[in-house]
Amino acid sequence: MYHKFIKPFPKDFLWGASTSAYQVEGAWNEDGKGPSVIDMAKHPEGTSDFKVASDHYHRYKEDIALFAEMGLKAYRFSIAWTRIYPNGTGEINQKGIDFYNNLINELLSHNIEPVVTMYHFDLPYALQQKGGWESRQTIDAFENYARTLFTCFGDRVKYWLTINEQNMMIMHGPAIGIIDPDKENPKKELYQQNHHMLLAQAKSINLCHEMCKNAKIGPAPNICSIYPASSKPEDVMAAYNFSAIRNWLYLDAVVYGCYNGTAWSYMEEKGCTPSIQEGDMKILESAKPDFIAFNYYTTATVAQSKGEDSDKNHTGDQQLAFGEAGVYRGASNQYLEKTQFGWEIDPTGLRNTLRELSDRYRLPLLVTENGLGAYDKLEEGETINDDYRIEFLKKHIEQARLAITDGVNLMGYCPWSAIDLVSTHQGISKRYGFIYVNRDEFDLKDLRRIKKKSFYWYKNVIKSNGDKL
Ligand code: BGP
């Protein structure tokens with residue numbers, strides 16, 4: 001739709017930026033922190049592990065001062081469950097509570113709103129050893145952890161995100177370390193884990209509403225519009241299939257408290273429906289999120305499946321295998337350019353995704369990740385000329401504004417990432433930040449912080465409330 005008048009961003013728009021604990025903090029075993037599944041997962045060869053990361057644990061004050069200089073109104077970060085409960089449950093580790101208290105207070109002293117993810121991929125390893133999300137005990141452990149977070153930080157944190165990218169954990173479980181790739185029927189177990197995560201999420205939403213009257217809480221999946229490869233009706237249906245399995249399964253459950261029909265029929269077909277105990281659906285129905293946060297990097301395009309194994313391609317969707325016999329087949333989108341890492345770039349797709357979400361769920365929306373991973377270069381005179389990143393973000397912000405004009409209630413935009421951090425699968429060389437961290441994959445150098453060109457650009461964007469791109 002063309003608009004004669006483009007609405008401005010709302011006055012209280014949350015211009016932010018994001019990180020996650022294991023990717024930025026380092027200090028992986030300091031001050032009583034226990035190991036998480038991420039700490040124990042086998043690391044891809046040639047890339048750094050997360051032991052030091054960006055050393056934010058020791059440098060958070062310096063980092064937050066830079067965030068404040070950039071003008072951030074919000075900072076989306078995650079709490080490492082294993083800093084609070086080294087074994088997932090049991091004794092609280094006071095030093096972990098102290099760290100996040102200090103972090104939150106430091107943000108507030110700079111007028112930066114903390115947006116807290118409760119769980120970002122880093123399940124306590126001790127829980128994983130007891131069955132992880134396959135065990136209903138992990139639901140109780142999460143509820144207990146949530147209660148501790150709301151007790152300790154609920155007086156100051158207004159925005160809570162339950163689980164980061166639950167859908168990616170289920171779809172790519174072995175890659176994230178929540179499931180053993182050699183399991184006999186990983187799908188069956190993954191969808192059981194998914195059911196348990198949905199219950200844990202619902203319980204924590206209810207708890208938040210009970211304990212923190214002024215707080216708002218929502219899920220944080222990775223959501224994107226799914227395009228059919230052509231107008232062939234069978235391709236359109238493949239897009240519906242993939243969208244139901246990738247997107248709506250997770251959001252219908254948290255917003256409407258039910259399983260999406262197409263996704264359920266898919267699970268029946270694959271023999272992987274979860275077992276649901278009496279009372280479970282009531283719990284799902286009882287929880288009402290206040291908003292939907294979501295991560296957006298790119299869209300995906302699919303065609304009708306030929307019902308063969310060759311349906312599994314390696315295109316489009318974050319370079320991970322994608323396609324399933326009889327359901328959908330991944331296709332590349334001829335209209336989109338790709339990043340250096342092969343991810344399709346689709347700013348208009350952000351507008352499409354926002355509109356789909358808004359029409360489907362009628363809730364406020366918050367973008368909690370969006371960004372460009374690239375090989376940045378530190379040049380003479382301490383400069384990093386990341387014009388490509390500016391271009392990428394500019395185009396996405398333009399589309400976000402158009403979506404607002406279309407009628408979407410968008411609360412804020414928190415690109416990935418506030419500062420360079422270790423990518424989940426591709427090391428520190430794949431950089432996303434506004435602030436450069438001087439280290440290489442294996443040489444930690446001095447870890448000094450250097451403002452990139454995009455830092456100054458984003459500062460201006462925020463200052464002008466999105467008018468000056
Ligand atoms: C999302 C995760 C982030 C981050 C991001 C970029 O899926 O929530 O933690 O890793 O993707 O992905 P990558 O690091 O693989 O480039």
# chains A, B, ... in the order shown; residues from 1 in each chain; ligands from 1

call {"tool": "residues_around", "arguments": {"residues": "region 38-47 of chain A", "least_positions_apart": "5", "cutoff": "7 Å", "atoms": "only C-alpha atoms", "output": "JSON, numbers by chain"}}
result
{"A": [122, 177, 425, 426, 427, 441]}

call {"tool": "write_last_selection", "arguments": {"atoms": "N, CA, C and O atoms", "output": "PDB file, in the first residue's frame"}}
result
ATOM      1  N   ASP A 122      20.385 -21.106  26.850  1.00  0.00           N
ATOM      2  CA  ASP A 122      21.402 -21.643  27.758  1.00  0.00           C
ATOM      3  C   ASP A 122      20.806 -22.394  28.952  1.00  0.00           C
ATOM      4  O   ASP A 122      21.005 -22.004  30.108  1.00  0.00           O
ATOM      5  N   GLY A 177      22.102 -27.653  20.894  1.00  0.00           N
ATOM      6  CA  GLY A 177      22.604 -28.475  21.998  1.00  0.00           C
ATOM      7  C   GLY A 177      21.543 -28.917  22.980  1.00  0.00           C
ATOM      8  O   GLY A 177      21.854 -29.415  24.048  1.00  0.00           O
ATOM      9  N   HIS A 425      26.769 -19.702  15.800  1.00  0.00           N
ATOM     10  CA  HIS A 425      27.427 -20.798  15.075  1.00  0.00           C
ATOM     11  C   HIS A 425      28.697 -20.401  14.339  1.00  0.00           C
ATOM     12  O   HIS A 425      29.415 -21.251  13.852  1.00  0.00           O
ATOM     13  N   GLN A 426      28.933 -19.078  14.225  1.00  0.00           N
ATOM     14  CA  GLN A 426      30.020 -18.711  13.322  1.00  0.00           C
ATOM     15  C   GLN A 426      31.091 -17.802  13.930  1.00  0.00           C
ATOM     16  O   GLN A 426      31.739 -17.047  13.218  1.00  0.00           O
ATOM     17  N   GLY A 427      31.225 -17.866  15.263  1.00  0.00           N
ATOM     18  CA  GLY A 427      32.348 -17.177  15.898  1.00  0.00           C
ATOM     19  C   GLY A 427      32.236 -15.662  15.952  1.00  0.00           C
ATOM     20  O   GLY A 427      31.219 -15.076  15.596  1.00  0.00           O
ATOM     21  N   GLU A 441      39.238 -14.460  16.472  1.00  0.00           N
ATOM     22  CA  GLU A 441      38.625 -15.742  16.834  1.00  0.00           C
ATOM     23  C   GLU A 441      39.333 -16.384  18.038  1.00  0.00           C
ATOM     24  O   GLU A 441      38.685 -16.775  19.004  1.00  0.00           O
TER      25      GLU A 441
END

call {"tool": "select_by_dssp", "arguments": {"residues": "region 201-266 of chain A", "states": "strand (DSSP E)", "output": "PyMOL selection string"}}
result
chain A and resi 216-220+226-228

call {"tool": "write_last_selection", "arguments": {"atoms": "all heavy atoms", "output": "PDB file, in the first residue's frame"}}
result
ATOM      1  N   LYS A 216       5.162  -5.990  31.845  1.00  0.00           N
ATOM      2  CA  LYS A 216       4.570  -6.609  30.658  1.00  0.00           C
ATOM      3  C   LYS A 216       5.473  -7.771  30.253  1.00  0.00           C
ATOM      4  O   LYS A 216       6.693  -7.688  30.378  1.00  0.00           O
ATOM      5  CB  LYS A 216       4.477  -5.606  29.522  1.00  0.00           C
ATOM      6  CG  LYS A 216       3.473  -4.492  29.804  1.00  0.00           C
ATOM      7  CD  LYS A 216       3.299  -3.616  28.579  1.00  0.00           C
ATOM      8  CE  LYS A 216       2.456  -2.396  28.850  1.00  0.00           C
ATOM      9  NZ  LYS A 216       1.135  -2.661  29.414  1.00  0.00           N
ATOM     10  N   ILE A 217       4.845  -8.806  29.750  1.00  0.00           N
ATOM     11  CA  ILE A 217       5.630 -10.006  29.397  1.00  0.00           C
ATOM     12  C   ILE A 217       5.129 -10.618  28.093  1.00  0.00           C
ATOM     13  O   ILE A 217       3.922 -10.592  27.807  1.00  0.00           O
ATOM     14  CB  ILE A 217       5.590 -11.034  30.568  1.00  0.00           C
ATOM     15  CG1 ILE A 217       6.497 -12.233  30.285  1.00  0.00           C
ATOM     16  CG2 ILE A 217       4.163 -11.506  30.893  1.00  0.00           C
ATOM     17  CD1 ILE A 217       6.840 -13.061  31.520  1.00  0.00           C
ATOM     18  N   GLY A 218       6.050 -11.133  27.304  1.00  0.00           N
ATOM     19  CA  GLY A 218       5.663 -11.758  26.040  1.00  0.00           C
ATOM     20  C   GLY A 218       6.694 -12.780  25.594  1.00  0.00           C
ATOM     21  O   GLY A 218       7.791 -12.864  26.156  1.00  0.00           O
ATOM     22  N   PRO A 219       6.338 -13.577  24.572  1.00  0.00           N
ATOM     23  CA  PRO A 219       7.278 -14.563  24.035  1.00  0.00           C
ATOM     24  C   PRO A 219       8.268 -13.880  23.085  1.00  0.00           C
ATOM     25  O   PRO A 219       8.048 -12.723  22.722  1.00  0.00           O
ATOM     26  CB  PRO A 219       6.367 -15.499  23.248  1.00  0.00           C
ATOM     27  CG  PRO A 219       5.286 -14.589  22.747  1.00  0.00           C
ATOM     28  CD  PRO A 219       5.069 -13.556  23.820  1.00  0.00           C
ATOM     29  N   ALA A 220       9.307 -14.587  22.682  1.00  0.00           N
ATOM     30  CA  ALA A 220      10.261 -13.991  21.732  1.00  0.00           C
ATOM     31  C   ALA A 220      10.727 -15.016  20.696  1.00  0.00           C
ATOM     32  O   ALA A 220      11.904 -15.378  20.647  1.00  0.00           O
ATOM     33  CB  ALA A 220      11.462 -13.417  22.483  1.00  0.00           C
ATOM     34  N   ILE A 226       6.391 -16.321   5.194  1.00  0.00           N
ATOM     35  CA  ILE A 226       6.829 -17.406   4.300  1.00  0.00           C
ATOM     36  C   ILE A 226       6.194 -17.165   2.939  1.00  0.00           C
ATOM     37  O   ILE A 226       4.968 -17.059   2.829  1.00  0.00           O
ATOM     38  CB  ILE A 226       6.366 -18.787   4.826  1.00  0.00           C
ATOM     39  CG1 ILE A 226       6.714 -18.976   6.314  1.00  0.00           C
ATOM     40  CG2 ILE A 226       6.949 -19.911   3.962  1.00  0.00           C
ATOM     41  CD1 ILE A 226       8.170 -19.019   6.652  1.00  0.00           C
ATOM     42  N   TYR A 227       7.021 -17.068   1.927  1.00  0.00           N
ATOM     43  CA  TYR A 227       6.514 -16.807   0.582  1.00  0.00           C
ATOM     44  C   TYR A 227       6.390 -18.108  -0.223  1.00  0.00           C
ATOM     45  O   TYR A 227       7.290 -18.959  -0.145  1.00  0.00           O
ATOM     46  CB  TYR A 227       7.472 -15.906  -0.193  1.00  0.00           C
ATOM     47  CG  TYR A 227       7.780 -14.561   0.427  1.00  0.00           C
ATOM     48  CD1 TYR A 227       9.053 -14.005   0.292  1.00  0.00           C
ATOM     49  CD2 TYR A 227       6.818 -13.825   1.113  1.00  0.00           C
ATOM     50  CE1 TYR A 227       9.356 -12.759   0.823  1.00  0.00           C
ATOM     51  CE2 TYR A 227       7.112 -12.584   1.647  1.00  0.00           C
ATOM     52  CZ  TYR A 227       8.388 -12.057   1.501  1.00  0.00           C
ATOM     53  OH  TYR A 227       8.681 -10.836   2.023  1.00  0.00           O
ATOM     54  N   PRO A 228       5.328 -18.211  -1.050  1.00  0.00           N
ATOM     55  CA  PRO A 228       5.298 -19.330  -1.991  1.00  0.00           C
ATOM     56  C   PRO A 228       6.239 -19.027  -3.160  1.00  0.00           C
ATOM     57  O   PRO A 228       6.361 -17.878  -3.580  1.00  0.00           O
ATOM     58  CB  PRO A 228       3.839 -19.352  -2.466  1.00  0.00           C
ATOM     59  CG  PRO A 228       3.292 -17.993  -2.178  1.00  0.00           C
ATOM     60  CD  PRO A 228       4.130 -17.369  -1.096  1.00  0.00           C
TER      61      PRO A 228
END

call {"tool": "closest_residue", "arguments": {"among": "A:Leu444, A:Ile283, A:Leu372, A:Leu402", "to": "ligand 1", "atoms": "only C-alpha atoms and all ligand atoms"}}
result
A:Leu372

call {"tool": "residues_near_ligand", "arguments": {"ligand": "ligand 1", "cutoff": "10 Å", "atoms": "only C-alpha atoms and all ligand atoms", "output": "number ranges by chain"}}
result
A: 18-24, 78, 120-121, 163-169, 176, 220-222, 294-297, 318-319, 341, 343, 368-374, 416-417, 421-428, 430-432

call {"tool": "write_last_selection", "arguments": {"atoms": "N, CA and C atoms", "output": "short mmCIF file (atom, residue, chain, number, x, y, z; two decimals), in the first residue's frame"}}
result
data_model
loop_
_atom_site.label_atom_id
_atom_site.label_comp_id
_atom_site.auth_asym_id
_atom_site.auth_seq_id
_atom_site.Cartn_x
_atom_site.Cartn_y
_atom_site.Cartn_z
N SER A 18 20.22 -5.29 21.20
CA SER A 18 20.12 -6.57 21.92
C SER A 18 21.44 -7.32 22.04
N THR A 19 21.47 -8.18 23.03
CA THR A 19 22.55 -9.17 23.18
C THR A 19 21.96 -10.40 23.89
N SER A 20 22.78 -11.42 24.08
CA SER A 20 22.35 -12.52 24.96
C SER A 20 23.53 -12.87 25.86
N ALA A 21 23.22 -13.44 27.02
CA ALA A 21 24.24 -13.66 28.05
C ALA A 21 25.46 -14.43 27.53
N TYR A 22 25.23 -15.63 26.97
CA TYR A 22 26.40 -16.46 26.66
C TYR A 22 27.23 -15.88 25.51
N GLN A 23 26.62 -15.04 24.70
CA GLN A 23 27.35 -14.51 23.55
C GLN A 23 28.19 -13.28 23.89
N VAL A 24 27.83 -12.60 25.00
CA VAL A 24 28.51 -11.34 25.29
C VAL A 24 29.27 -11.35 26.61
N SER A 78 19.91 -11.01 28.07
CA SER A 78 19.31 -12.17 28.74
C SER A 78 20.03 -12.44 30.05
N HIS A 120 17.69 -17.69 27.08
CA HIS A 120 18.15 -17.55 25.69
C HIS A 120 19.08 -18.72 25.37
N PHE A 121 18.53 -19.85 25.06
CA PHE A 121 19.24 -21.08 24.63
C PHE A 121 20.07 -21.78 25.72
N ILE A 163 11.03 -16.86 26.52
CA ILE A 163 11.99 -17.80 25.93
C ILE A 163 12.40 -17.29 24.56
N ASN A 164 13.70 -17.18 24.35
CA ASN A 164 14.17 -16.74 23.05
C ASN A 164 14.10 -17.87 22.03
N GLU A 165 13.45 -17.58 20.91
CA GLU A 165 13.43 -18.48 19.75
C GLU A 165 13.16 -19.94 20.10
N GLN A 166 12.08 -20.14 20.82
CA GLN A 166 11.67 -21.52 21.12
C GLN A 166 11.52 -22.30 19.81
N ASN A 167 10.99 -21.64 18.78
CA ASN A 167 10.78 -22.36 17.51
C ASN A 167 12.10 -22.79 16.88
N MET A 168 13.15 -21.97 17.01
CA MET A 168 14.44 -22.38 16.43
C MET A 168 15.06 -23.51 17.26
N MET A 169 14.82 -23.48 18.58
CA MET A 169 15.35 -24.58 19.42
C MET A 169 14.73 -25.90 19.00
N ILE A 176 21.64 -26.40 18.61
CA ILE A 176 21.70 -25.55 19.79
C ILE A 176 22.07 -26.35 21.04
N ALA A 220 9.31 -14.59 22.68
CA ALA A 220 10.26 -13.99 21.73
C ALA A 220 10.73 -15.02 20.70
N PRO A 221 9.80 -15.50 19.86
CA PRO A 221 10.22 -16.45 18.82
C PRO A 221 10.90 -15.74 17.64
N ASN A 222 11.41 -16.54 16.71
CA ASN A 222 11.91 -15.98 15.46
C ASN A 222 10.78 -16.13 14.44
N PHE A 294 9.62 -10.43 18.72
CA PHE A 294 10.09 -11.44 17.76
C PHE A 294 11.39 -11.00 17.12
N ASN A 295 12.18 -12.01 16.71
CA ASN A 295 13.44 -11.77 16.02
C ASN A 295 13.19 -11.95 14.53
N TYR A 296 13.74 -11.03 13.76
CA TYR A 296 13.54 -11.10 12.31
C TYR A 296 14.87 -10.86 11.60
N TYR A 297 15.29 -11.80 10.78
CA TYR A 297 16.49 -11.60 9.98
C TYR A 297 16.19 -11.64 8.49
N GLN A 318 18.67 -19.12 6.97
CA GLN A 318 19.86 -19.12 7.82
C GLN A 318 20.81 -20.26 7.48
N GLN A 319 20.86 -20.59 6.21
CA GLN A 319 21.81 -21.60 5.73
C GLN A 319 21.61 -22.97 6.37
N PHE A 341 27.11 -13.96 4.48
CA PHE A 341 26.92 -15.28 5.08
C PHE A 341 25.75 -16.04 4.44
N TRP A 343 22.57 -15.15 3.96
CA TRP A 343 21.20 -14.94 4.42
C TRP A 343 20.53 -13.93 3.49
N THR A 368 12.92 -7.70 18.54
CA THR A 368 14.00 -7.89 19.51
C THR A 368 15.32 -8.34 18.88
N GLU A 369 15.30 -8.65 17.60
CA GLU A 369 16.55 -8.88 16.87
C GLU A 369 16.31 -8.60 15.40
N ASN A 370 17.31 -7.98 14.78
CA ASN A 370 17.33 -7.75 13.34
C ASN A 370 18.70 -7.15 13.08
N GLY A 371 19.43 -7.69 12.12
CA GLY A 371 20.76 -7.12 11.93
C GLY A 371 21.54 -7.86 10.86
N LEU A 372 22.73 -7.34 10.62
CA LEU A 372 23.57 -7.87 9.55
C LEU A 372 24.89 -8.40 10.11
N GLY A 373 25.11 -9.68 9.91
CA GLY A 373 26.39 -10.28 10.29
C GLY A 373 27.38 -10.07 9.16
N ALA A 374 28.55 -9.49 9.47
CA ALA A 374 29.52 -9.20 8.40
C ALA A 374 30.94 -9.28 8.95
N TRP A 416 20.10 -6.41 16.50
CA TRP A 416 21.17 -7.30 16.94
C TRP A 416 22.42 -6.84 16.26
N SER A 417 23.46 -6.35 16.95
CA SER A 417 23.54 -6.43 18.37
C SER A 417 24.10 -5.11 18.90
N LEU A 421 29.67 -9.55 19.46
CA LEU A 421 29.60 -10.70 20.35
C LEU A 421 29.87 -11.96 19.53
N VAL A 422 29.94 -13.08 20.19
CA VAL A 422 30.25 -14.32 19.47
C VAL A 422 28.96 -14.87 18.86
N SER A 423 28.96 -15.04 17.56
CA SER A 423 27.77 -15.56 16.88
C SER A 423 27.49 -17.00 17.36
N THR A 424 26.22 -17.37 17.30
CA THR A 424 25.86 -18.69 17.82
C THR A 424 26.60 -19.82 17.10
N HIS A 425 26.77 -19.70 15.80
CA HIS A 425 27.43 -20.80 15.07
C HIS A 425 28.70 -20.40 14.34
N GLN A 426 28.93 -19.08 14.23
CA GLN A 426 30.02 -18.71 13.32
C GLN A 426 31.09 -17.80 13.93
N GLY A 427 31.23 -17.87 15.26
CA GLY A 427 32.35 -17.18 15.90
C GLY A 427 32.24 -15.66 15.95
N ILE A 428 33.32 -15.03 16.36
CA ILE A 428 33.33 -13.57 16.55
C ILE A 428 33.56 -12.86 15.21
N LYS A 430 31.97 -13.12 12.62
CA LYS A 430 30.68 -12.68 12.07
C LYS A 430 30.15 -11.63 13.04
N ARG A 431 30.38 -10.37 12.70
CA ARG A 431 30.07 -9.29 13.65
C ARG A 431 28.73 -8.63 13.32
N TYR A 432 28.07 -8.20 14.38
CA TYR A 432 26.76 -7.55 14.22
C TYR A 432 26.68 -6.18 14.91
#

call {"tool": "closest_residue", "arguments": {"among": "A:Tyr75, A:Trp133, A:Tyr119, A:Tyr335", "to": "Thr299 (chain A)", "atoms": "only C-alpha atoms"}}
result
A:Tyr335

call {"tool": "residues_around", "arguments": {"residues": "Ala141 (chain A)", "least_positions_apart": "3", "cutoff": "8 Å", "atoms": "only C-alpha atoms", "output": "ChimeraX atom specification"}}
result
/A:88-89,137-138,144-145

call {"tool": "write_last_selection", "arguments": {"atoms": "N, CA and C atoms", "output": "PDB file, in the first residue's frame"}}
result
ATOM      1  N   GLY A  88      20.417 -25.164  38.036  1.00  0.00           N
ATOM      2  CA  GLY A  88      19.047 -25.060  37.498  1.00  0.00           C
ATOM      3  C   GLY A  88      18.000 -24.878  38.577  1.00  0.00           C
ATOM      4  N   THR A  89      18.216 -25.522  39.734  1.00  0.00           N
ATOM      5  CA  THR A  89      17.317 -25.362  40.895  1.00  0.00           C
ATOM      6  C   THR A  89      18.209 -25.383  42.150  1.00  0.00           C
ATOM      7  N   GLN A 137       9.940 -31.974  35.151  1.00  0.00           N
ATOM      8  CA  GLN A 137      10.603 -31.280  36.266  1.00  0.00           C
ATOM      9  C   GLN A 137      11.238 -29.962  35.815  1.00  0.00           C
ATOM     10  N   THR A 138      11.591 -29.901  34.544  1.00  0.00           N
ATOM     11  CA  THR A 138      12.192 -28.654  34.041  1.00  0.00           C
ATOM     12  C   THR A 138      11.147 -27.525  34.014  1.00  0.00           C
ATOM     13  N   ASN A 144      10.242 -21.867  39.110  1.00  0.00           N
ATOM     14  CA  ASN A 144      10.982 -21.452  40.305  1.00  0.00           C
ATOM     15  C   ASN A 144      11.981 -20.346  39.960  1.00  0.00           C
ATOM     16  N   TYR A 145      12.682 -20.538  38.844  1.00  0.00           N
ATOM     17  CA  TYR A 145      13.655 -19.528  38.361  1.00  0.00           C
ATOM     18  C   TYR A 145      12.929 -18.215  38.053  1.00  0.00           C
TER      19      TYR A 145
END

call {"tool": "atom_distance", "arguments": {"atom1": "CA of Lys51 (chain A)", "atom2": "CA of Asp420 (chain A)"}}
result
14.8 Å

call {"tool": "residues_around", "arguments": {"residues": "His110 (chain A)", "least_positions_apart": "3", "cutoff": "9 Å", "atoms": "only C-alpha atoms", "output": "VMD selection string"}}
result
chain A and resid 64 to 65 67 to 68 105 to 107 113

call {"tool": "closest_atom_pairs", "arguments": {"of": "region 328-411 of chain A", "to": "region 247-255 of chain A", "cutoff": "10 Å", "atoms": "only C-alpha atoms", "output": "Markdown table"}}
result
| residue | atom | partner | partner_atom | distance |
| --- | --- | --- | --- | --- |
| A:Leu357 | CA | A:Leu251 | CA | 9.3 |
| A:Arg360 | CA | A:Asp252 | CA | 9.3 |
| A:Tyr361 | CA | A:Val255 | CA | 7.2 |
| A:Arg362 | CA | A:Val255 | CA | 9.9 |
| A:Leu363 | CA | A:Val255 | CA | 9.1 |

call {"tool": "residues_around", "arguments": {"residues": "Phe242 (chain A)", "least_positions_apart": "6", "cutoff": "12 Å", "atoms": "only C-alpha atoms", "output": "count of residues only"}}
result
31

call {"tool": "closest_residue", "arguments": {"among": "A:Ala400, A:Val461, A:Ala418, A:Ile6", "to": "Phe77 (chain A)", "atoms": "only C-alpha atoms"}}
result
A:Ala418

call {"tool": "closest_residue", "arguments": {"among": "A:Ile205, A:Leu161, A:Glu62, A:Glu30", "to": "Ile79 (chain A)", "atoms": "only C-alpha atoms"}}
result
A:Leu161

call {"tool": "atom_distance", "arguments": {"atom1": "CA of Arg355 (chain A)", "atom2": "CA of Met281 (chain A)"}}
result
28.1 Å

call {"tool": "closest_residue", "arguments": {"among": "A:Thr82, A:Ser265, A:Ser48, A:Ser243", "to": "Trp28 (chain A)", "atoms": "only C-alpha atoms"}}
result
A:Thr82

call {"tool": "residues_around", "arguments": {"residues": "Asp406 (chain A)", "least_positions_apart": "4", "cutoff": "12 Å", "atoms": "only C-alpha atoms", "output": "PyMOL selection string"}}
result
chain A and resi 1-8+351-352+354-356+358-359+399-402+410

call {"tool": "residues_around", "arguments": {"residues": "Asp155 (chain A)", "least_positions_apart": "6", "cutoff": "12 Å", "atoms": "only C-alpha atoms", "output": "list of chain:residue names"}}
result
A:Asn101, A:Ile104, A:Asn105, A:Leu108, A:Pro114, A:Leu149, A:Cys208, A:Met211, A:Cys212, A:Lys213, A:Asn214, A:Ala215

call {"tool": "closest_residue", "arguments": {"among": "A:Gln192, A:Thr339, A:Ser109, A:Ser454", "to": "Asp386 (chain A)", "atoms": "only C-alpha atoms"}}
result
A:Ser454

call {"tool": "select_by_dssp", "arguments": {"residues": "region 236-368 of chain A", "states": "helix (DSSP H, G or I)", "output": "number ranges by chain"}}
result
A: 236-256, 261-269, 280-286, 309-311, 317-319, 347-361

call {"tool": "atom_distance", "arguments": {"atom1": "CA of Asn111 (chain A)", "atom2": "CA of Lys73 (chain A)"}}
result
6.9 Å
